[in-house]
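See structure below.
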Amino acid sequence: MTSPRVLVVDNGSLSIPQVRRSFEALGAQTDLARADEVPDALPAKYQALVLSGTKVRAYDSDHYRRLIDLVHGSAVPVWGICGGMQIIATSAGAELVEGRSRVGTHEVRVDKTEPVFADAKPTVTLFQRHMLYVKAAPPGFTAIGWSDDAPVEFLRSDDGRVYGSQAHLEFREDGLSVLRGFVSLFS
């Protein structure tokens, strides 16, 4: 069987090598594109799209317009990590709010009825590095993970194609267990 291929979009994250290694450890091949250089349509060779964290604020829809169009116009599973999730959420109408600054590991509760959490514990310990949060799931999305600090730690589109995590899943074994569930959607 051929390994699935994932297009990883670099939104300015410092952890691109770790994101790629995580997916490759799960049996996927990865290619990389900068957010401002993504194709107008996702080539057929890709089975998934992953959006990294950001340096530019996620609510800058003009900066991310091409990427937003690619996410909403593709048919493959999509995962947004930290700022990547915020790009997805704000493009669907969510509001970002400032909250307690978090750097380091934090516990997040997940909805174990969700297939992407099949290999995850009910409470996962994940790496966080941010102070902006999605206030509430936007129309067409549901919060599937939460913490005392953030009501939307994980997000899923109602059609089950687009996901996001406030945390950087590439740094902890609990994060890898979640990404394993995502990879199972397209491999």
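Following the order of the structure tokens, first chain is A, next is B, and so on, with residues numbered from 1 inside each chain and ligands from 1 in the order they appear.
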
Residue contacts of segment 123-139 of chain A (6 Å, only C-alpha atoms) excluding same-chain residues fewer than 6 positions away, as a list of chain:residue names:
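Residues meeting the cut-off are A:Ala92, A:Gly93, A:Ala94, A:Glu95, A:Leu96, A:Val97, A:Glu98, A:Gly99, A:Arg100, A:Ser101, A:Arg102, A:Val103, A:Gly104, A:Thr105, A:His106, A:Glu107, A:Val108, A:Arg109, A:Val152, A:Ala167, A:His168, A:Asp174.
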
Rows by chain and residue number, segment 5-37 of chain A within 9 Å of segment 179-185 of chain A, shortest pair, only C-alpha atoms, as JSON lines:
{"residue": "A:Ser22", "atom": "CA", "partner": "A:Leu179", "partner_atom": "CA", "distance": 8.0}
{"residue": "A:Phe23", "atom": "CA", "partner": "A:Leu179", "partner_atom": "CA", "distance": 7.6}
{"residue": "A:Leu26", "atom": "CA", "partner": "A:Arg180", "partner_atom": "CA", "distance": 6.5}
{"residue": "A:Gly27", "atom": "CA", "partner": "A:Val183", "partner_atom": "CA", "distance": 8.6}
{"residue": "A:Ala28", "atom": "CA", "partner": "A:Val183", "partner_atom": "CA", "distance": 7.9}

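For the pair atom CA of Asp60 of chain A and atom CA of Ser91 of chain A, the separation is 9.4 Å.
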
Contacts of Thr113 of chain A at 12 Å or less, counting only C-alpha atoms, minus same-chain residues fewer than 5 places along, as number ranges by chain?
A: 118-122, 144-145

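Nearest to Ser52 of chain A of all the residues A:Ser165, A:Val178, A:Gln29, A:Phe117 is A:Ser165, counting only C-alpha atoms.
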
Compile the contact shell of Leu155 of chain A as a list of chain:residue names: residues with an atom at most 6 Å away, counting only C-alpha atoms, same-chain residues fewer than 2 positions apart removed.
A:Thr142, A:Ala143, A:Ile144, A:Tyr163, A:Gly164

Next, the residues of the selection above should be written as an mmCIF file, in the first residue's frame with N, CA and C atoms.
data_model
loop_
_atom_site.group_PDB
_atom_site.id
_atom_site.type_symbol
_atom_site.label_atom_id
_atom_site.label_comp_id
_atom_site.auth_asym_id
_atom_site.auth_seq_id
_atom_site.Cartn_x
_atom_site.Cartn_y
_atom_site.Cartn_z
ATOM 1 N N THR A 142 -18.098 22.302 15.818
ATOM 2 C CA THR A 142 -18.390 21.887 17.187
ATOM 3 C C THR A 142 -17.090 21.800 17.977
ATOM 4 N N ALA A 143 -17.118 22.257 19.218
ATOM 5 C CA ALA A 143 -15.976 22.075 20.114
ATOM 6 C C ALA A 143 -15.968 20.618 20.565
ATOM 7 N N ILE A 144 -14.832 19.940 20.390
ATOM 8 C CA ILE A 144 -14.724 18.526 20.781
ATOM 9 C C ILE A 144 -13.631 18.308 21.830
ATOM 10 N N TYR A 163 -10.612 19.777 11.115
ATOM 11 C CA TYR A 163 -10.337 19.699 12.545
ATOM 12 C C TYR A 163 -9.315 20.755 12.924
ATOM 13 N N GLY A 164 -9.233 21.022 14.206
ATOM 14 C CA GLY A 164 -8.199 21.919 14.694
ATOM 15 C C GLY A 164 -7.910 21.669 16.146
#

Expected answer as a PyMOL selection string: strand (DSSP E) residues in segment 3-169 of chain A:
chain A and resi 5-11+29-34+48-54+78-81+96-110+123-134+141-146+154-157+162-165

Which polymer residues have any atom within 7 Å of an atom of segment 70-84 of chain A, counting only C-alpha atoms, with same-chain residues fewer than 5 positions away left out, as a ChimeraX atom specification?
/A:40-42,47-54,58,161-168

Atom CA of Ile87 of chain A and atom CA of Asp62 of chain A, how far apart in Å?
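Taking atom CA of Asp62 of chain A as the start and atom CA of Ile87 of chain A as the end point, the length is 11.0 Å.
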
Identify all residues of segment 3-137 of chain A in helix (DSSP H, G or I) (DSSP on the backbone) and supply them as a ChimeraX atom specification.
/A:16-25,35-37,65-73,83-91,115-117

Kindly give the distance, in Å, that separates atom CA of Val19 of chain A and atom CA of Asp149 of chain A, rounded to a single decimal.
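About the pair atom CA of Val19 of chain A and atom CA of Asp149 of chain A: they are 24.3 Å apart.
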
Counting only C-alpha atoms, which residue out of A:Glu170, A:Pro17, A:Ser177, A:Val110 sits closest to Arg156 of chain A?
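Closest residue, counting only C-alpha atoms: A:Val110.
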